[in-house]
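Dropping start-v9.txt in here (compact mmCIF, C-alpha atoms):
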# COMPACT_ATOMS: atom_id res chain seq x y z
CA MET A 21 16.63 9.04 -66.02
CA PRO A 22 16.26 8.62 -62.25
CA VAL A 23 16.73 11.71 -60.13
CA SER A 24 19.69 10.13 -58.31
CA ALA A 25 21.45 9.41 -61.61
CA SER A 26 20.81 12.95 -62.87
CA ALA A 27 22.23 14.41 -59.67
CA GLY A 28 25.23 12.12 -60.00
CA TYR A 29 26.01 13.37 -63.51
CA ILE A 30 25.60 17.00 -62.44
CA VAL A 31 27.96 16.55 -59.50
CA ALA A 32 30.44 14.70 -61.74
CA VAL A 33 30.44 17.62 -64.21
CA LEU A 34 31.02 20.08 -61.37
CA SER A 35 33.88 17.89 -60.13
CA ALA A 36 35.44 17.88 -63.60
CA MET A 37 35.18 21.67 -63.88
CA LEU A 38 36.79 22.22 -60.49
CA ASN A 39 39.42 19.55 -61.07
CA GLY A 40 40.37 21.21 -64.33
CA SER A 41 40.49 24.66 -62.76
CA PHE A 42 42.46 24.33 -59.52
CA PRO A 43 45.87 23.83 -61.22
CA ALA A 44 45.39 27.15 -63.06
CA ALA A 45 45.98 28.98 -59.78
CA PHE A 46 49.64 27.95 -60.03
CA LYS A 47 49.97 29.85 -63.34
CA ILE A 48 48.08 33.04 -62.45
CA PRO A 49 50.55 35.92 -63.07
CA SER A 50 50.47 37.18 -59.48
CA VAL A 51 51.39 33.67 -58.28
CA ALA A 52 53.85 32.93 -61.09
CA ARG A 53 55.82 36.09 -60.26
CA CYS A 54 56.51 34.65 -56.79
CA ASN A 55 58.40 31.78 -58.46
CA LEU A 56 57.15 29.32 -55.85
CA HIS A 57 58.47 25.80 -55.75
CA PRO A 58 55.66 23.29 -56.54
CA LEU A 59 56.04 21.66 -53.11
CA LEU A 60 55.63 25.00 -51.33
CA PHE A 61 52.54 25.80 -53.38
CA GLN A 62 51.22 22.32 -52.55
CA LEU A 63 51.63 23.18 -48.86
CA TYR A 64 49.34 26.18 -49.33
CA VAL A 65 46.90 23.98 -51.24
CA SER A 66 46.86 21.51 -48.34
CA PHE A 67 46.01 24.34 -45.95
CA GLY A 68 43.18 25.33 -48.29
CA VAL A 69 41.87 21.76 -48.27
CA PHE A 70 42.00 21.69 -44.46
CA LEU A 71 40.13 24.99 -44.09
CA SER A 72 37.50 24.25 -46.74
CA SER A 73 36.78 20.87 -45.16
CA TRP A 74 35.15 22.67 -42.24
CA LEU A 75 32.38 23.78 -44.62
CA ALA A 76 30.93 20.28 -44.25
CA LEU A 77 30.10 20.81 -40.56
CA PRO A 78 26.75 22.62 -41.08
CA PHE A 79 25.52 19.66 -43.16
CA MET A 80 26.42 17.00 -40.60
CA PRO A 81 22.97 16.96 -38.93
CA TYR A 82 21.42 15.93 -42.26
CA ASN A 83 23.63 12.85 -42.51
CA THR A 84 21.62 9.81 -41.39
CA GLN A 85 24.83 7.98 -40.51
CA LEU A 86 25.51 10.62 -37.86
CA THR A 87 21.99 11.30 -36.57
CA ASP A 88 19.07 8.88 -36.74
CA ALA A 89 15.37 9.77 -36.96
CA GLU A 90 15.05 10.16 -33.16
CA GLY A 91 17.95 12.55 -33.01
CA ASP A 92 20.23 10.07 -31.31
CA THR A 93 23.85 9.74 -32.35
CA PRO A 94 24.70 6.28 -33.72
CA PRO A 95 28.24 4.90 -33.70
CA PHE A 96 30.46 7.05 -35.89
CA PRO A 97 32.01 5.00 -38.72
CA PHE A 98 35.70 5.63 -39.30
CA PRO A 99 37.29 3.59 -42.12
CA PRO A 100 41.11 3.95 -41.98
CA LEU A 101 41.23 3.77 -45.79
CA GLY A 102 39.86 7.31 -45.77
CA LEU A 103 43.25 8.46 -44.49
CA LEU A 104 44.94 6.50 -47.27
CA ALA A 105 42.67 8.14 -49.84
CA GLY A 106 43.61 11.56 -48.48
CA THR A 107 47.29 10.69 -48.75
CA LEU A 108 46.86 9.56 -52.35
CA PHE A 109 45.01 12.79 -53.12
CA VAL A 110 47.80 14.96 -51.71
CA LEU A 111 50.42 12.97 -53.62
CA SER A 112 48.47 13.22 -56.87
CA VAL A 113 48.11 17.00 -56.54
CA THR A 114 51.79 17.30 -55.63
CA PHE A 115 52.85 15.45 -58.77
CA SER A 116 50.41 17.56 -60.79
CA PHE A 117 52.00 20.83 -59.70
CA ALA A 118 55.46 19.32 -60.18
CA ALA A 119 54.65 18.47 -63.81
CA ILE A 120 53.39 21.94 -64.77
CA PRO A 121 56.79 23.75 -64.80
CA PHE A 122 58.24 21.06 -67.08
CA ILE A 123 55.56 20.60 -69.73
CA GLY A 124 53.06 23.40 -69.14
CA LEU A 125 49.57 23.45 -67.68
CA ALA A 126 47.62 22.39 -70.78
CA MET A 127 49.79 19.39 -71.61
CA ALA A 128 50.14 18.26 -67.99
CA GLN A 129 46.39 18.50 -67.37
CA GLY A 130 45.65 16.58 -70.55
CA VAL A 131 48.02 13.74 -69.71
CA TRP A 132 47.08 13.29 -66.05
CA GLY A 133 43.37 13.86 -66.73
CA GLY A 134 43.15 11.22 -69.43
CA SER A 135 45.31 8.81 -67.47
CA ALA A 136 43.19 9.32 -64.35
CA ILE A 137 40.05 8.37 -66.27
CA LEU A 138 41.68 5.14 -67.42
CA VAL A 139 42.93 4.28 -63.92
CA ALA A 140 39.50 4.98 -62.40
CA PHE A 141 37.86 2.78 -65.06
CA ILE A 142 40.22 -0.09 -64.24
CA TRP A 143 39.50 0.28 -60.51
CA GLY A 144 35.75 0.30 -61.14
CA VAL A 145 35.66 -2.73 -63.44
CA ALA A 146 38.51 -4.91 -62.21
CA VAL A 147 38.36 -4.21 -58.47
CA PHE A 148 34.80 -3.14 -57.64
CA GLY A 149 33.01 -5.20 -60.27
CA ASN A 150 31.14 -2.37 -62.01
CA GLU A 151 29.08 -3.77 -64.87
CA VAL A 152 29.98 -2.69 -68.41
CA THR A 153 26.80 -2.83 -70.49
CA SER A 154 28.61 -2.41 -73.82
CA PRO A 155 32.14 -3.87 -73.76
CA GLY A 156 32.73 -3.00 -77.42
CA LEU A 157 31.95 0.68 -76.91
CA ALA A 158 34.00 0.68 -73.69
CA VAL A 159 37.04 -0.68 -75.54
CA ALA A 160 36.55 1.85 -78.34
CA ALA A 161 36.31 4.66 -75.79
CA ILE A 162 39.51 3.51 -74.08
CA ILE A 163 41.34 3.41 -77.42
CA LEU A 164 40.16 6.94 -78.25
CA LEU A 165 41.17 8.11 -74.77
CA LEU A 166 44.66 6.61 -75.05
CA THR A 167 45.02 8.08 -78.54
CA GLY A 168 44.11 11.50 -77.19
CA VAL A 169 46.55 11.25 -74.29
CA ALA A 170 49.33 10.10 -76.63
CA GLY A 171 48.51 12.95 -79.01
CA ILE A 172 48.84 15.47 -76.19
CA ALA A 173 52.05 13.92 -74.86
CA PHE A 174 53.76 13.71 -78.27
CA CYS A 175 52.22 16.75 -79.94
CA GLU A 176 55.63 18.34 -80.53
CA ASN A 177 56.99 15.26 -82.29
CA ILE A 178 53.80 14.96 -84.32
CA SER A 179 54.03 18.61 -85.35
CA LYS A 180 57.67 18.24 -86.37
CA TYR A 181 56.77 15.16 -88.42
CA PHE A 182 53.98 16.89 -90.33
CA PHE A 183 55.21 20.50 -90.38
CA GLY A 184 58.98 20.14 -90.08
CA PRO A 185 61.47 21.15 -87.38
CA LYS A 186 60.51 24.84 -87.61
CA ALA A 187 57.23 24.24 -85.74
CA ASN A 188 56.83 26.97 -83.13
CA TYR A 189 57.58 25.74 -79.62
CA ALA A 190 55.25 28.37 -78.17
CA SER A 191 52.24 26.77 -79.84
CA PHE A 192 52.56 23.78 -77.49
CA HIS A 193 53.60 25.48 -74.25
CA GLY A 194 51.36 28.25 -73.04
CA ASP A 195 53.80 29.56 -70.50
CA ASP A 196 56.65 32.01 -70.14
CA ARG A 197 59.28 29.39 -70.93
CA ALA A 198 58.19 29.31 -74.56
CA THR A 199 59.13 32.89 -75.35
CA PRO A 200 62.94 32.83 -74.88
CA LEU A 201 63.22 29.42 -76.52
CA ALA A 202 61.22 30.53 -79.52
CA GLN A 203 63.21 33.75 -79.77
CA GLY A 204 66.43 31.79 -79.42
CA GLY A 205 65.42 29.59 -82.31
CA ALA A 206 64.69 32.62 -84.48
CA GLU A 207 68.05 34.17 -83.58
CA ASP A 208 69.86 30.94 -84.45
CA GLU A 209 68.13 30.84 -87.83
CA ALA A 210 69.12 34.45 -88.49
CA LYS A 211 72.76 33.72 -87.61
CA LEU A 212 72.75 30.65 -89.84
CA GLY A 213 71.37 32.71 -92.71
CA GLU A 214 74.06 35.38 -92.24
CA SER A 215 76.75 32.68 -92.20
CA LEU A 216 75.48 31.16 -95.44
CA ASP A 217 75.34 34.55 -97.12
CA HIS A 218 78.90 35.31 -95.98
CA ASN A 219 80.18 32.01 -97.34
CA ALA A 220 78.37 32.60 -100.62
CA VAL A 221 80.09 35.96 -101.05
CA GLU A 222 83.51 34.47 -100.40

What's the structure tokens form of this structure?
Amino acid sequence: MPVSASAGYIVAVLSAMLNGSFPAAFKIPSVARCNLHPLLFQLYVSFGVFLSSWLALPFMPYNTQLTDAEGDTPPFPFPPLGLLAGTLFVLSVTFSFAAIPFIGLAMAQGVWGGSAILVAFIWGVAVFGNEVTSPGLAVAAIILLLTGVAGIAFCENISKYFFGPKANYASFHGDDRATPLAQGGAEDEAKLGESLDHNAVE
């Protein structure tokens, strides 16, 4: 495997690890206790993106597009679509944090992660003309990916179908919302049992 390809896979794995980790900051107990609105937390995230972007400055002299071999400064390229890409990034992260309070971190990450892979694949093949060396395997991979995303999105319904309506809500939502709902369900079952026993005695 060429060195450039190996480096590309390594960087892609690092990107996946970081992309799967940054939403967890929203659920860390010290942050969750603040009960921040997702949009407010996104504002702090945007500040973090702005500050961390300055880390690229020390590496600018090594960019051949900014400094040629003689040390001169060539014309600085500025594609406006870079601003559009930044806007799309902020919107995607905003929707990500907005989804977490409703369906939990694990389920939200699974749905948007799998969907993002599919969208990126469509962009690469349909728009940028990336070559697919094995169309059959690509189609099979897409089917497996969509099956996985659907399984994550409808895991509660699937569980109820196979295990009945008593499936524990907390097993699908790893957040604080699961506890009162699960306890409420247990209390309702206890009350129903007491009512049936009372009617049987009468």

| field | Given all atoms listed in the file as the counted atoms, nearest of A:Gly28, A:Pro100, A:Gly144, A:Pro43 to A:Thr114 | value |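 Among the listed residues, the smallest separation from A:Thr114 belongs to A:Pro43.
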
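Using only C-alpha atoms, the protein and nucleic acid residues lying at most 12 Å from the point (39.3, 3.8, -64.4) are Gly133, Gly134, Ser135, Ala136, Ile137, Leu138, Val139, Ala140, Phe141, Ile142, Trp143, Gly144, Val145, Ala146, Val147, Phe148, Gly149, Asn150, Ala158, Ala161, Ile162 and Leu165 of chain A.
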
| said: I'd like the interatomic distance between atom CA of A:Pro49 and atom CA of A:Ala119, to a tenth of an Å. | reply: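 Computing it gives 17.9 Å between the two atoms.
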
| field | Pairwise distance for atom CA of A:Met37 and atom CA of A:Ser154, rounded to one decimal in Å | value | 26.9 Å

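For the pair atom CA of A:Cys54 and atom CA of A:Pro121, the interatomic distance is 13.5 Å.
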
| task | Write out as a list in words each polymer residue whose atoms come within 12 Å of A:Ala170, counting only C-alpha atoms; drop sequence neighbours fewer than 5 positions from it. | result |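 Close residues of A:Ala170: Met127, Ala128, Gly130, Val131, Trp132, Gly134, Ser135, Ile163, Leu164, Leu165, Cys175, Glu176, Asn177 and Ile178 of chain A.
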
| said: Here's a test: counting only C-alpha atoms, identify every protein, DNA and RNA residue with an atom at most 6 Å from (48.9, 17.1, -50.2) in the file's coordinate frame, and state them as a list in words. | reply: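 I get Ser66, Val110 and Leu111 of chain A for the residues within 6 Å of that point.
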
| said: Need to verify the contact set: A:Phe117, 9 Å, only C-alpha atoms, exclusion of same-chain residues closer than 4 positions in sequence. Can you return it as a list in words? | reply: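 That gives Pro43, Phe46, Pro58, Leu59, Phe61, Gln62, Ser112, Val113, Pro121, Leu125 and Ala128 of chain A.
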